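Here is the structure we will look at.
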Amino acid sequence: MDDGLTWLRLPAAMPSLMQFHEFAHEGARHAGLTEAQVHKLDLLIEELLVNVIHYAYPKGESGEAALGYAVVSPQCLRVEIQDAGGAFNPLEAEDPDLELATEDRPIGGLGIYLVKTMADSVNYRREDGKNILSFQLS
């Protein structure tokens, strides 16, 4: 992959999550992100990768997840997460109604809402049989 990003590919499984976080922290150091930005980065990666781990591949089948990063400018990091699971654009999900009481809200949707509100930009595309979700954090 010659797209200007530095990549890590691992099995889409919970034991891989810590390695993905450590890898993303390398990118954060290169970009000079603040502690608060790194905290946001951790939350975003956790939400997106846990969704890939739990939902991208049919039950009983293993798959791979990939995380890439690039320093866009000082204190600005671009992150891309890929999987080869079924086509799914989480950005098409309707935002949750935060006016409803917690017990009245349907389950799900808060995580991607968190991603959309915490990242500076979030994009999805399907390319070469892969779901590709990217975000920028500054």
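We name chains A, B, ... following the order of the structure tokens; residues begin at 1 in each chain, and ligands are numbered from 1 as shown.
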
What's around range 87-92 of chain A at 7 Å? Count only C-alpha atoms, leave out sequence neighbours fewer than 6 positions away in its own chain, and write the answer as number ranges by chain. A: 112, 124, 126, 131

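Proximity to range 12-22 of chain A at 6 Å, evaluated using only C-alpha atoms and with sequence-adjacent residues fewer than 3 positions away removed, yields His25, Ile53, Gly63, Glu64 and Ala65 of chain A.
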
Resulting file, chosen residues, C-alpha atoms, as a CSV table (one decimal), in the first residue's frame:
chain,number,residue,atom,x,y,z
A,25,HIS,CA,0.2,6.2,19.7
A,53,ILE,CA,-14.0,-7.1,15.6
A,63,GLY,CA,-10.7,-11.7,9.3
A,64,GLU,CA,-8.2,-9.0,9.4
A,65,ALA,CA,-8.3,-5.3,10.4

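Comparing A:Ile132, A:Ile81, A:Ala119, A:Cys76 by their smallest distance to Leu33 in chain A, the closest is A:Cys76 (using only C-alpha atoms).
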
Counting only C-alpha atoms, the option among A:Arg125, A:Arg9, A:Arg78, A:Lys130 closest to Leu41 in chain A: A:Arg78

Among chain A, which ones does DSSP assign to strand (DSSP E or B) (computed from the backbone)? Answer as a PyMOL selection string. chain A and resi 6-11+64-73+76-83+121-127+130-137

Check chain A with DSSP on the backbone and list each residue it calls alpha helix (DSSP H), as a VMD selection string. chain A and resid 17 to 31 35 to 51 110 to 118

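Nearest to Ser62 in chain A of all the residues A:Asp42, A:Glu35, A:Asp83, A:Glu47 is A:Asp83, counting only C-alpha atoms.
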
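Here the question is which of A:Ala24, A:Val122, A:Ala31, A:Val52 gets nearest to Gln75 in chain A using only C-alpha atoms, and that residue is A:Ala31.
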
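Each of A:Gly129, A:Pro74, A:Gly68, A:Gly85 was checked against Tyr55 in chain A using only C-alpha atoms; the smallest atom-to-atom distance is that of A:Gly85.
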
I'd like the contact shell of Leu137 in chain A - 12 Å cut-off, only C-alpha atoms, skipping same-chain residues fewer than 5 positions apart - returned as a ChimeraX atom specification. /A:24,27-28,31-34,36-45,69-80,115-122

Would you save the residues from that selection as a short mmCIF file (atom, residue, chain, number, x, y, z; two decimals), in the first residue's frame, using N, CA and C atoms?
data_model
loop_
_atom_site.label_atom_id
_atom_site.label_comp_id
_atom_site.auth_asym_id
_atom_site.auth_seq_id
_atom_site.Cartn_x
_atom_site.Cartn_y
_atom_site.Cartn_z
N ALA A 24 -1.07 3.33 17.04
CA ALA A 24 -1.64 4.66 16.83
C ALA A 24 -0.94 5.71 17.69
N GLY A 27 1.93 7.19 15.91
CA GLY A 27 1.50 8.27 15.02
C GLY A 27 1.21 9.54 15.78
N ALA A 28 0.57 9.40 16.94
CA ALA A 28 0.26 10.57 17.76
C ALA A 28 1.54 11.29 18.20
N ALA A 31 2.96 13.21 15.32
CA ALA A 31 2.16 14.41 15.02
C ALA A 31 2.23 15.44 16.14
N GLY A 32 2.76 15.05 17.30
CA GLY A 32 2.83 15.97 18.43
C GLY A 32 1.46 16.22 19.06
N LEU A 33 0.59 15.21 19.05
CA LEU A 33 -0.73 15.39 19.64
C LEU A 33 -0.61 15.59 21.15
N THR A 34 -1.52 16.37 21.68
CA THR A 34 -1.57 16.61 23.12
C THR A 34 -2.15 15.37 23.82
N ALA A 36 -4.80 15.29 25.61
CA ALA A 36 -6.25 15.30 25.37
C ALA A 36 -6.57 14.72 23.99
N GLN A 37 -5.76 15.06 22.99
CA GLN A 37 -5.98 14.53 21.65
C GLN A 37 -5.74 13.02 21.61
N VAL A 38 -4.74 12.55 22.34
CA VAL A 38 -4.45 11.11 22.39
C VAL A 38 -5.61 10.38 23.07
N HIS A 39 -6.19 10.99 24.08
CA HIS A 39 -7.36 10.39 24.73
C HIS A 39 -8.51 10.24 23.73
N LYS A 40 -8.76 11.28 22.94
CA LYS A 40 -9.78 11.21 21.89
C LYS A 40 -9.45 10.11 20.89
N LEU A 41 -8.18 10.07 20.48
CA LEU A 41 -7.73 9.06 19.53
C LEU A 41 -8.03 7.66 20.05
N ASP A 42 -7.73 7.42 21.32
CA ASP A 42 -8.00 6.12 21.92
C ASP A 42 -9.49 5.77 21.88
N LEU A 43 -10.33 6.72 22.21
CA LEU A 43 -11.78 6.48 22.19
C LEU A 43 -12.27 6.17 20.78
N LEU A 44 -11.80 6.92 19.80
CA LEU A 44 -12.22 6.71 18.42
C LEU A 44 -11.78 5.34 17.90
N ILE A 45 -10.53 5.01 18.14
CA ILE A 45 -10.00 3.72 17.68
C ILE A 45 -10.72 2.57 18.37
N TYR A 69 -1.91 5.35 9.58
CA TYR A 69 -1.92 6.75 10.00
C TYR A 69 -0.92 7.55 9.17
N ALA A 70 -1.19 8.85 9.11
CA ALA A 70 -0.27 9.79 8.47
C ALA A 70 -0.36 11.11 9.22
N VAL A 71 0.77 11.75 9.39
CA VAL A 71 0.81 13.08 9.99
C VAL A 71 0.46 14.06 8.88
N VAL A 72 -0.64 14.77 9.05
CA VAL A 72 -1.10 15.73 8.05
C VAL A 72 -0.36 17.04 8.21
N SER A 73 -0.20 17.46 9.45
CA SER A 73 0.51 18.69 9.81
C SER A 73 0.79 18.60 11.30
N PRO A 74 1.54 19.54 11.86
CA PRO A 74 1.76 19.48 13.31
C PRO A 74 0.42 19.45 14.06
N GLN A 75 0.32 18.52 14.98
CA GLN A 75 -0.87 18.29 15.80
C GLN A 75 -2.11 17.92 14.98
N CYS A 76 -1.89 17.24 13.86
CA CYS A 76 -3.01 16.78 13.04
C CYS A 76 -2.66 15.39 12.49
N LEU A 77 -3.47 14.42 12.83
CA LEU A 77 -3.23 13.03 12.44
C LEU A 77 -4.42 12.50 11.66
N ARG A 78 -4.13 11.83 10.55
CA ARG A 78 -5.17 11.15 9.77
C ARG A 78 -5.06 9.66 10.07
N VAL A 79 -6.19 9.03 10.34
CA VAL A 79 -6.23 7.60 10.66
C VAL A 79 -7.21 6.93 9.71
N GLU A 80 -6.84 5.75 9.24
CA GLU A 80 -7.71 4.98 8.37
C GLU A 80 -7.82 3.56 8.91
N VAL A 115 -17.90 9.11 17.39
CA VAL A 115 -16.86 9.28 16.37
C VAL A 115 -17.13 10.52 15.54
N LYS A 116 -18.36 10.67 15.07
CA LYS A 116 -18.69 11.80 14.20
C LYS A 116 -18.55 13.15 14.91
N THR A 117 -18.79 13.17 16.21
CA THR A 117 -18.71 14.45 16.93
C THR A 117 -17.31 14.76 17.47
N MET A 118 -16.49 13.72 17.70
CA MET A 118 -15.16 13.96 18.27
C MET A 118 -14.08 14.18 17.22
N ALA A 119 -14.23 13.59 16.05
CA ALA A 119 -13.23 13.74 15.01
C ALA A 119 -13.49 15.02 14.23
N ASP A 120 -12.44 15.57 13.65
CA ASP A 120 -12.59 16.78 12.84
C ASP A 120 -13.30 16.48 11.53
N SER A 121 -13.04 15.31 10.98
CA SER A 121 -13.73 14.87 9.78
C SER A 121 -13.75 13.34 9.79
N VAL A 122 -14.80 12.77 9.23
CA VAL A 122 -14.95 11.32 9.14
C VAL A 122 -15.48 11.00 7.75
#
